[in-house]
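Below is the file entry-v6.cif, which contains mmCIF, N, CA and C atoms.
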data_protein
#
loop_
_atom_site.label_atom_id
_atom_site.label_comp_id
_atom_site.auth_asym_id
_atom_site.auth_seq_id
_atom_site.Cartn_x
_atom_site.Cartn_y
_atom_site.Cartn_z
N VAL A 1 121.07 85.07 103.77
CA VAL A 1 119.74 84.72 103.26
C VAL A 1 119.83 84.48 101.75
N GLN A 2 119.29 83.37 101.32
CA GLN A 2 119.26 83.07 99.89
C GLN A 2 117.94 82.43 99.52
N LEU A 3 117.38 82.88 98.38
CA LEU A 3 116.24 82.23 97.76
C LEU A 3 116.65 81.99 96.32
N VAL A 4 116.65 80.74 95.91
CA VAL A 4 117.14 80.38 94.58
C VAL A 4 116.03 79.68 93.81
N GLU A 5 115.55 80.37 92.77
CA GLU A 5 114.52 79.79 91.92
C GLU A 5 115.14 78.97 90.81
N SER A 6 114.40 77.97 90.36
CA SER A 6 114.82 77.16 89.22
C SER A 6 113.59 76.57 88.56
N GLY A 7 113.79 75.99 87.38
CA GLY A 7 112.70 75.31 86.69
C GLY A 7 112.10 76.07 85.54
N GLY A 8 112.52 77.30 85.35
CA GLY A 8 112.00 78.07 84.23
C GLY A 8 112.54 77.56 82.91
N GLY A 9 112.00 78.11 81.83
CA GLY A 9 112.46 77.71 80.51
C GLY A 9 111.46 78.08 79.44
N LEU A 10 111.67 77.52 78.27
CA LEU A 10 110.80 77.73 77.12
C LEU A 10 109.84 76.55 77.00
N VAL A 11 108.56 76.86 76.89
CA VAL A 11 107.54 75.81 76.78
C VAL A 11 106.50 76.26 75.77
N GLN A 12 105.90 75.30 75.09
CA GLN A 12 104.85 75.62 74.13
C GLN A 12 103.53 75.91 74.84
N PRO A 13 102.67 76.69 74.21
CA PRO A 13 101.33 76.91 74.79
C PRO A 13 100.64 75.58 75.10
N GLY A 14 100.01 75.53 76.26
CA GLY A 14 99.38 74.30 76.70
C GLY A 14 100.27 73.39 77.51
N GLY A 15 101.54 73.72 77.54
CA GLY A 15 102.50 72.90 78.27
C GLY A 15 102.53 73.19 79.76
N SER A 16 103.48 72.53 80.44
CA SER A 16 103.59 72.63 81.89
C SER A 16 105.04 72.86 82.31
N LEU A 17 105.18 73.51 83.44
CA LEU A 17 106.47 73.67 84.09
C LEU A 17 106.26 73.62 85.60
N ARG A 18 107.30 73.23 86.31
CA ARG A 18 107.27 73.31 87.77
C ARG A 18 108.46 74.13 88.23
N LEU A 19 108.17 75.23 88.87
CA LEU A 19 109.22 76.07 89.44
C LEU A 19 109.49 75.65 90.89
N SER A 20 110.74 75.79 91.28
CA SER A 20 111.15 75.53 92.67
C SER A 20 111.88 76.74 93.20
N CYS A 21 111.76 76.93 94.49
CA CYS A 21 112.50 78.00 95.18
C CYS A 21 113.04 77.40 96.47
N VAL A 22 114.35 77.25 96.52
CA VAL A 22 115.00 76.70 97.70
C VAL A 22 115.56 77.85 98.52
N VAL A 23 115.28 77.84 99.82
CA VAL A 23 115.72 78.95 100.65
C VAL A 23 116.72 78.49 101.70
N SER A 24 117.52 79.41 102.16
CA SER A 24 118.48 79.16 103.23
C SER A 24 118.75 80.45 103.96
N GLY A 25 119.23 80.32 105.19
CA GLY A 25 119.60 81.51 105.95
C GLY A 25 118.54 82.03 106.87
N PHE A 26 117.36 81.41 106.87
CA PHE A 26 116.32 81.79 107.81
C PHE A 26 115.41 80.59 108.03
N THR A 27 114.54 80.68 109.03
CA THR A 27 113.66 79.57 109.38
C THR A 27 112.48 79.55 108.42
N PHE A 28 112.56 78.69 107.44
CA PHE A 28 111.59 78.66 106.35
C PHE A 28 110.16 78.53 106.85
N SER A 29 109.94 77.66 107.82
CA SER A 29 108.59 77.35 108.28
C SER A 29 107.90 78.54 108.96
N ARG A 30 108.64 79.56 109.32
CA ARG A 30 108.05 80.75 109.93
C ARG A 30 107.52 81.74 108.90
N PHE A 31 107.86 81.53 107.64
CA PHE A 31 107.55 82.50 106.60
C PHE A 31 106.44 82.02 105.69
N ALA A 32 105.48 82.90 105.42
CA ALA A 32 104.58 82.67 104.30
C ALA A 32 105.39 82.88 103.02
N MET A 33 104.98 82.20 101.97
CA MET A 33 105.71 82.27 100.72
C MET A 33 104.79 82.68 99.58
N SER A 34 105.34 83.40 98.64
CA SER A 34 104.58 83.83 97.48
C SER A 34 105.40 83.68 96.22
N TRP A 35 104.68 83.57 95.12
CA TRP A 35 105.28 83.69 93.79
C TRP A 35 104.73 84.94 93.14
N TYR A 36 105.62 85.71 92.54
CA TYR A 36 105.27 86.89 91.76
C TYR A 36 105.81 86.69 90.35
N ARG A 37 105.32 87.52 89.44
CA ARG A 37 105.89 87.52 88.10
C ARG A 37 105.92 88.94 87.55
N GLN A 38 106.85 89.13 86.62
CA GLN A 38 106.99 90.44 85.98
C GLN A 38 107.25 90.23 84.51
N ALA A 39 106.32 90.68 83.70
CA ALA A 39 106.47 90.62 82.25
C ALA A 39 107.20 91.87 81.78
N PRO A 40 107.82 91.81 80.62
CA PRO A 40 108.56 92.97 80.10
C PRO A 40 107.68 94.21 80.03
N GLY A 41 108.16 95.30 80.60
CA GLY A 41 107.43 96.56 80.54
C GLY A 41 106.24 96.66 81.47
N LYS A 42 106.08 95.66 82.33
CA LYS A 42 104.94 95.66 83.25
C LYS A 42 105.40 95.58 84.69
N GLU A 43 104.47 95.88 85.60
CA GLU A 43 104.79 95.82 87.02
C GLU A 43 104.83 94.36 87.50
N ARG A 44 105.53 94.15 88.58
CA ARG A 44 105.55 92.83 89.21
C ARG A 44 104.21 92.59 89.88
N THR A 45 103.62 91.44 89.66
CA THR A 45 102.31 91.13 90.21
C THR A 45 102.32 89.81 90.97
N LEU A 46 101.41 89.72 91.92
CA LEU A 46 101.30 88.52 92.74
C LEU A 46 100.62 87.40 91.96
N VAL A 47 101.20 86.21 92.02
CA VAL A 47 100.64 85.05 91.35
C VAL A 47 99.95 84.13 92.35
N ALA A 48 100.64 83.79 93.44
CA ALA A 48 100.07 82.84 94.41
C ALA A 48 100.78 83.00 95.74
N THR A 49 100.06 82.66 96.80
CA THR A 49 100.64 82.68 98.14
C THR A 49 100.29 81.40 98.87
N ILE A 50 101.10 81.04 99.84
CA ILE A 50 100.85 79.87 100.67
C ILE A 50 101.25 80.21 102.10
N SER A 51 100.44 79.75 103.04
CA SER A 51 100.70 80.03 104.45
C SER A 51 101.87 79.21 104.97
N ARG A 52 102.27 79.50 106.20
CA ARG A 52 103.47 78.89 106.74
C ARG A 52 103.41 77.37 106.79
N ALA A 53 102.27 76.83 107.16
CA ALA A 53 102.14 75.37 107.23
C ALA A 53 101.59 74.78 105.93
N GLY A 54 101.22 75.64 105.01
CA GLY A 54 100.73 75.16 103.72
C GLY A 54 99.25 74.93 103.64
N GLY A 55 98.53 75.26 104.71
CA GLY A 55 97.11 74.95 104.73
C GLY A 55 96.23 75.93 103.98
N THR A 56 96.77 77.10 103.70
CA THR A 56 95.99 78.13 103.01
C THR A 56 96.75 78.62 101.78
N THR A 57 96.06 78.65 100.67
CA THR A 57 96.65 79.15 99.43
C THR A 57 95.70 80.15 98.79
N ASN A 58 96.28 81.07 98.03
CA ASN A 58 95.50 82.05 97.28
C ASN A 58 96.15 82.26 95.93
N TYR A 59 95.31 82.59 94.94
CA TYR A 59 95.81 82.72 93.58
C TYR A 59 95.24 83.96 92.91
N ALA A 60 96.03 84.50 92.00
CA ALA A 60 95.49 85.53 91.13
C ALA A 60 94.43 84.91 90.22
N ASP A 61 93.44 85.70 89.87
CA ASP A 61 92.36 85.17 89.03
C ASP A 61 92.89 84.61 87.72
N SER A 62 93.93 85.21 87.21
CA SER A 62 94.46 84.82 85.89
C SER A 62 95.08 83.43 85.88
N VAL A 63 95.39 82.88 87.06
CA VAL A 63 96.05 81.58 87.10
C VAL A 63 95.23 80.52 87.84
N LYS A 64 94.11 80.92 88.41
CA LYS A 64 93.28 79.96 89.15
C LYS A 64 92.88 78.77 88.27
N GLY A 65 93.03 77.59 88.84
CA GLY A 65 92.69 76.37 88.10
C GLY A 65 93.80 75.86 87.22
N ARG A 66 94.85 76.66 87.03
CA ARG A 66 95.98 76.23 86.18
C ARG A 66 97.27 76.07 86.98
N PHE A 67 97.46 76.92 87.98
CA PHE A 67 98.69 76.91 88.78
C PHE A 67 98.39 76.38 90.17
N THR A 68 99.38 75.72 90.76
CA THR A 68 99.26 75.22 92.13
C THR A 68 100.54 75.54 92.89
N ILE A 69 100.38 76.23 94.01
CA ILE A 69 101.52 76.50 94.88
C ILE A 69 101.53 75.46 96.01
N SER A 70 102.72 75.02 96.37
CA SER A 70 102.87 74.07 97.47
C SER A 70 104.23 74.30 98.12
N ARG A 71 104.41 73.68 99.26
CA ARG A 71 105.69 73.82 99.95
C ARG A 71 106.03 72.54 100.69
N ASP A 72 107.33 72.36 100.89
CA ASP A 72 107.84 71.24 101.68
C ASP A 72 108.78 71.84 102.71
N ASN A 73 108.29 71.98 103.93
CA ASN A 73 109.10 72.63 104.97
C ASN A 73 110.31 71.80 105.36
N SER A 74 110.28 70.50 105.09
CA SER A 74 111.44 69.66 105.41
C SER A 74 112.57 69.88 104.41
N LYS A 75 112.22 70.46 103.25
CA LYS A 75 113.22 70.71 102.21
C LYS A 75 113.46 72.20 101.98
N ASN A 76 112.83 73.03 102.81
CA ASN A 76 112.99 74.49 102.65
C ASN A 76 112.69 74.93 101.22
N THR A 77 111.63 74.39 100.66
CA THR A 77 111.34 74.62 99.25
C THR A 77 109.86 74.94 99.04
N VAL A 78 109.63 75.90 98.17
CA VAL A 78 108.28 76.21 97.71
C VAL A 78 108.23 75.95 96.21
N TYR A 79 107.08 75.47 95.74
CA TYR A 79 106.93 75.09 94.34
C TYR A 79 105.79 75.87 93.70
N LEU A 80 105.86 75.97 92.39
CA LEU A 80 104.74 76.48 91.61
C LEU A 80 104.59 75.56 90.40
N GLU A 81 103.53 74.77 90.45
CA GLU A 81 103.20 73.90 89.33
C GLU A 81 102.32 74.69 88.37
N MET A 82 102.76 74.78 87.12
CA MET A 82 102.05 75.59 86.14
C MET A 82 101.61 74.71 84.98
N ASN A 83 100.33 74.63 84.76
CA ASN A 83 99.75 73.83 83.69
C ASN A 83 98.98 74.72 82.72
N SER A 84 98.69 74.17 81.56
CA SER A 84 97.92 74.89 80.53
C SER A 84 98.49 76.29 80.30
N LEU A 85 99.77 76.34 80.15
CA LEU A 85 100.45 77.64 80.03
C LEU A 85 100.03 78.38 78.77
N LYS A 86 99.97 79.70 78.91
CA LYS A 86 99.56 80.58 77.83
C LYS A 86 100.69 81.57 77.53
N PRO A 87 100.72 82.12 76.33
CA PRO A 87 101.76 83.12 76.03
C PRO A 87 101.77 84.27 77.03
N GLU A 88 100.62 84.65 77.55
CA GLU A 88 100.56 85.75 78.51
C GLU A 88 101.14 85.39 79.88
N ASP A 89 101.51 84.12 80.08
CA ASP A 89 102.20 83.73 81.31
C ASP A 89 103.70 84.01 81.22
N THR A 90 104.17 84.41 80.06
CA THR A 90 105.58 84.72 79.89
C THR A 90 106.00 85.85 80.81
N ALA A 91 107.03 85.60 81.62
CA ALA A 91 107.49 86.57 82.61
C ALA A 91 108.69 86.00 83.35
N VAL A 92 109.32 86.85 84.12
CA VAL A 92 110.28 86.39 85.12
C VAL A 92 109.49 86.12 86.39
N TYR A 93 109.68 84.94 86.94
CA TYR A 93 108.95 84.52 88.14
C TYR A 93 109.89 84.59 89.34
N TYR A 94 109.39 85.21 90.41
CA TYR A 94 110.16 85.42 91.63
C TYR A 94 109.45 84.78 92.81
N CYS A 95 110.21 84.21 93.73
CA CYS A 95 109.63 83.80 94.99
C CYS A 95 109.96 84.85 96.05
N LYS A 96 109.08 84.92 97.03
CA LYS A 96 109.21 85.91 98.09
C LYS A 96 108.83 85.27 99.41
N ALA A 97 109.62 85.54 100.43
CA ALA A 97 109.35 85.07 101.79
C ALA A 97 108.92 86.25 102.65
N ILE A 98 107.86 86.04 103.39
CA ILE A 98 107.32 87.14 104.21
C ILE A 98 107.10 86.68 105.64
N TYR A 99 107.67 87.44 106.57
CA TYR A 99 107.40 87.28 108.00
C TYR A 99 107.58 88.67 108.58
N TYR A 100 106.45 89.37 108.62
CA TYR A 100 106.49 90.79 108.92
C TYR A 100 107.36 91.10 110.14
N PRO A 101 108.24 92.11 110.02
CA PRO A 101 108.43 93.01 108.89
C PRO A 101 109.46 92.56 107.86
N SER A 102 109.97 91.35 108.02
CA SER A 102 111.00 90.88 107.10
C SER A 102 110.39 90.34 105.82
N GLU A 103 111.07 90.58 104.72
CA GLU A 103 110.71 89.96 103.46
C GLU A 103 111.96 89.80 102.61
N TYR A 104 112.03 88.68 101.91
CA TYR A 104 113.18 88.36 101.10
C TYR A 104 112.72 87.91 99.71
N TRP A 105 113.54 88.27 98.71
CA TRP A 105 113.23 87.93 97.31
C TRP A 105 114.31 87.06 96.70
N GLY A 106 113.89 86.21 95.78
CA GLY A 106 114.85 85.49 94.96
C GLY A 106 115.25 86.33 93.76
N GLN A 107 116.11 85.76 92.93
CA GLN A 107 116.64 86.49 91.79
C GLN A 107 115.79 86.34 90.54
N GLY A 108 114.87 85.38 90.56
CA GLY A 108 113.96 85.19 89.45
C GLY A 108 114.39 84.11 88.48
N THR A 109 113.39 83.54 87.80
CA THR A 109 113.64 82.56 86.76
C THR A 109 112.70 82.87 85.59
N GLN A 110 113.24 82.81 84.39
CA GLN A 110 112.49 83.21 83.20
C GLN A 110 111.60 82.06 82.73
N VAL A 111 110.35 82.39 82.48
CA VAL A 111 109.40 81.46 81.85
C VAL A 111 108.94 82.09 80.55
N THR A 112 109.12 81.37 79.46
CA THR A 112 108.68 81.83 78.15
C THR A 112 107.74 80.81 77.54
N VAL A 113 106.56 81.27 77.20
CA VAL A 113 105.56 80.39 76.59
C VAL A 113 105.37 80.83 75.15
N SER A 114 105.84 80.00 74.24
CA SER A 114 105.82 80.37 72.83
C SER A 114 105.90 79.13 71.96
N SER A 115 105.27 79.22 70.81
CA SER A 115 105.36 78.12 69.84
C SER A 115 106.49 78.36 68.85
#

This entry written out as structure tokens:
Amino acid sequence: VQLVESGGGLVQPGGSLRLSCVVSGFTFSRFAMSWYRQAPGKERTLVATISRAGGTTNYADSVKGRFTISRDNSKNTVYLEMNSLKPEDTAVYYCKAIYYPSEYWGQGTQVTVSS
């Protein structure tokens, strides 16, 4: 099982990034997918979730209207489009696959929002 995030980096406030998480080793379409983030010294928190077919999404209040989660089951990939980035969005971003009782995590990708 592998979940590999990419797309992180340094961006100025107000900028945009698109994170990707490519998975292998399990049937992607059976799993709901989520993005979490963890800022230094803070707990890991849920950012967004998407259902198995992509028809249902949910977001943390702090990112609603700025972030969009999507998935492409033909590419075994989940995305997080992040717009209007703020310094408080700085964190390591992780993708997670859930199909109870199984859950798998990626290794994370760093997002830094700074001028």

Test item: residues at most 10 Å from Glu103 (chain A), only C-alpha atoms, excluding those fewer than 4 positions along its chain, as a PDB file with N, CA and C atoms, in the frame of the given file:
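Written output follows (around.pdb):
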ATOM      1  N   PHE A  31     107.860  81.530 107.640  1.00  0.00           N
ATOM      2  CA  PHE A  31     107.550  82.500 106.600  1.00  0.00           C
ATOM      3  C   PHE A  31     106.440  82.020 105.690  1.00  0.00           C
ATOM      4  N   ALA A  32     105.480  82.900 105.420  1.00  0.00           N
ATOM      5  CA  ALA A  32     104.580  82.670 104.300  1.00  0.00           C
ATOM      6  C   ALA A  32     105.390  82.880 103.020  1.00  0.00           C
ATOM      7  N   MET A  33     104.980  82.200 101.970  1.00  0.00           N
ATOM      8  CA  MET A  33     105.710  82.270 100.720  1.00  0.00           C
ATOM      9  C   MET A  33     104.790  82.680  99.580  1.00  0.00           C
ATOM     10  N   LYS A  96     109.080  84.920  97.030  1.00  0.00           N
ATOM     11  CA  LYS A  96     109.210  85.910  98.090  1.00  0.00           C
ATOM     12  C   LYS A  96     108.830  85.270  99.410  1.00  0.00           C
ATOM     13  N   ALA A  97     109.620  85.540 100.430  1.00  0.00           N
ATOM     14  CA  ALA A  97     109.350  85.070 101.790  1.00  0.00           C
ATOM     15  C   ALA A  97     108.920  86.250 102.650  1.00  0.00           C
ATOM     16  N   ILE A  98     107.860  86.040 103.390  1.00  0.00           N
ATOM     17  CA  ILE A  98     107.320  87.140 104.210  1.00  0.00           C
ATOM     18  C   ILE A  98     107.100  86.680 105.640  1.00  0.00           C
ATOM     19  N   TYR A  99     107.670  87.440 106.570  1.00  0.00           N
ATOM     20  CA  TYR A  99     107.400  87.280 108.000  1.00  0.00           C
ATOM     21  C   TYR A  99     107.580  88.670 108.580  1.00  0.00           C
TER      22      TYR A  99
END

Query - Two-atom distance - CA of Met82 (chain A), CA of Gln2 (chain A) (Å) - result: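 Computing the Euclidean distance for CA of Met82 (chain A) and CA of Gln2 (chain A) yields 23.3 Å.
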
Report task. Name every residue that the PyMOL selection byres ((chain A and resi 10-19) around 7) selects in this structure, writing the answer as a VMD selection string with chains first and numbers rising. Result -> chain A and resid 5 to 9 20 to 21 78 to 87 110 to 115

Let's have the selection written as a JSON list (two decimals), in the frame of the given file, with N, CA and C atoms.
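Result file selection.json:
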[["chain", "number", "residue", "atom", "x", "y", "z"],
["A", 5, "GLU", "N", 115.55, 80.37, 92.77],
["A", 5, "GLU", "CA", 114.52, 79.79, 91.92],
["A", 5, "GLU", "C", 115.14, 78.97, 90.81],
["A", 6, "SER", "N", 114.40, 77.97, 90.36],
["A", 6, "SER", "CA", 114.82, 77.16, 89.22],
["A", 6, "SER", "C", 113.59, 76.57, 88.56],
["A", 7, "GLY", "N", 113.79, 75.99, 87.38],
["A", 7, "GLY", "CA", 112.70, 75.31, 86.69],
["A", 7, "GLY", "C", 112.10, 76.07, 85.54],
["A", 8, "GLY", "N", 112.52, 77.30, 85.35],
["A", 8, "GLY", "CA", 112.00, 78.07, 84.23],
["A", 8, "GLY", "C", 112.54, 77.56, 82.91],
["A", 9, "GLY", "N", 112.00, 78.11, 81.83],
["A", 9, "GLY", "CA", 112.46, 77.71, 80.51],
["A", 9, "GLY", "C", 111.46, 78.08, 79.44],
["A", 20, "SER", "N", 110.74, 75.79, 91.28],
["A", 20, "SER", "CA", 111.15, 75.53, 92.67],
["A", 20, "SER", "C", 111.88, 76.74, 93.20],
["A", 21, "CYS", "N", 111.76, 76.93, 94.49],
["A", 21, "CYS", "CA", 112.50, 78.00, 95.18],
["A", 21, "CYS", "C", 113.04, 77.40, 96.47],
["A", 78, "VAL", "N", 109.63, 75.90, 98.17],
["A", 78, "VAL", "CA", 108.28, 76.21, 97.71],
["A", 78, "VAL", "C", 108.23, 75.95, 96.21],
["A", 79, "TYR", "N", 107.08, 75.47, 95.74],
["A", 79, "TYR", "CA", 106.93, 75.09, 94.34],
["A", 79, "TYR", "C", 105.79, 75.87, 93.70],
["A", 80, "LEU", "N", 105.86, 75.97, 92.39],
["A", 80, "LEU", "CA", 104.74, 76.48, 91.61],
["A", 80, "LEU", "C", 104.59, 75.56, 90.40],
["A", 81, "GLU", "N", 103.53, 74.77, 90.45],
["A", 81, "GLU", "CA", 103.20, 73.90, 89.33],
["A", 81, "GLU", "C", 102.32, 74.69, 88.37],
["A", 82, "MET", "N", 102.76, 74.78, 87.12],
["A", 82, "MET", "CA", 102.05, 75.59, 86.14],
["A", 82, "MET", "C", 101.61, 74.71, 84.98],
["A", 83, "ASN", "N", 100.33, 74.63, 84.76],
["A", 83, "ASN", "CA", 99.75, 73.83, 83.69],
["A", 83, "ASN", "C", 98.98, 74.72, 82.72],
["A", 84, "SER", "N", 98.69, 74.17, 81.56],
["A", 84, "SER", "CA", 97.92, 74.89, 80.53],
["A", 84, "SER", "C", 98.49, 76.29, 80.30],
["A", 85, "LEU", "N", 99.77, 76.34, 80.15],
["A", 85, "LEU", "CA", 100.45, 77.64, 80.03],
["A", 85, "LEU", "C", 100.03, 78.38, 78.77],
["A", 86, "LYS", "N", 99.97, 79.70, 78.91],
["A", 86, "LYS", "CA", 99.56, 80.58, 77.83],
["A", 86, "LYS", "C", 100.69, 81.57, 77.53],
["A", 87, "PRO", "N", 100.72, 82.12, 76.33],
["A", 87, "PRO", "CA", 101.76, 83.12, 76.03],
["A", 87, "PRO", "C", 101.77, 84.27, 77.03],
["A", 110, "GLN", "N", 113.24, 82.81, 84.39],
["A", 110, "GLN", "CA", 112.49, 83.21, 83.20],
["A", 110, "GLN", "C", 111.60, 82.06, 82.73],
["A", 111, "VAL", "N", 110.35, 82.39, 82.48],
["A", 111, "VAL", "CA", 109.40, 81.46, 81.85],
["A", 111, "VAL", "C", 108.94, 82.09, 80.55],
["A", 112, "THR", "N", 109.12, 81.37, 79.46],
["A", 112, "THR", "CA", 108.68, 81.83, 78.15],
["A", 112, "THR", "C", 107.74, 80.81, 77.54],
["A", 113, "VAL", "N", 106.56, 81.27, 77.20],
["A", 113, "VAL", "CA", 105.56, 80.39, 76.59],
["A", 113, "VAL", "C", 105.37, 80.83, 75.15],
["A", 114, "SER", "N", 105.84, 80.00, 74.24],
["A", 114, "SER", "CA", 105.82, 80.37, 72.83],
["A", 114, "SER", "C", 105.90, 79.13, 71.96],
["A", 115, "SER", "N", 105.27, 79.22, 70.81],
["A", 115, "SER", "CA", 105.36, 78.12, 69.84],
["A", 115, "SER", "C", 106.49, 78.36, 68.85]]

Query raised in the report: What separation in Å, quoted to one decimal, exists between atom C of Val1 (chain A) and CA of Ser102 (chain A)?
Result: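 CA of Ser102 (chain A) lies at a distance of 12.1 Å from atom C of Val1 (chain A).
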
Requested in this report: Among the residues of region 52-106 of chain A, find those DSSP assigns to strand (DSSP E) from the backbone and print them as a ChimeraX atom specification.
Outcome: /A:57-59,67-72,77-82,91-99,102-105

Query raised in the report: At what distance in Å, to one decimal, does CA of Gly108 (chain A) lie from atom N of Thr57 (chain A)?
Result: 22.1 Å

Query raised in the report: Which residue, A:Tyr100, A:Val92, A:Phe28, A:Leu46, has the smallest gap to Asn58 (chain A) when you use all atoms listed in the file?
Result: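 Closest to Asn58 (chain A), using all atoms listed in the file: A:Leu46.
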
Query raised in the report: Can you tell me, as number ranges by chain, what residues are no more than 6.5 Å from Val47 (chain A) when counting all atoms listed in the file, ignoring any on the same chain fewer than 3 positions away?
Result: A: 34-37, 58-60

Query - Residue among A:Ala39, A:Arg52, A:Tyr104, A:Val4 lying closest to Ala91 (chain A), counting all atoms listed in the file - result: A:Ala39

**Report entry** Pick from A:Ala48, A:Thr77, A:Glu88, A:Ile69, whichever lies nearest to Val23 (chain A) using only C-alpha atoms
**Finding:**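 Closest candidate: A:Thr77.
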
Any chance you could work out the axis-aligned box around region 73-86 of chain A, listed atoms only, 3 Å on each side, giving centre and edge lengths in Å to one decimal, as JSON?
{"center_x": 105.7, "center_y": 75.6, "center_z": 91.5, "size_x": 21.5, "size_y": 17.9, "size_z": 33.9}
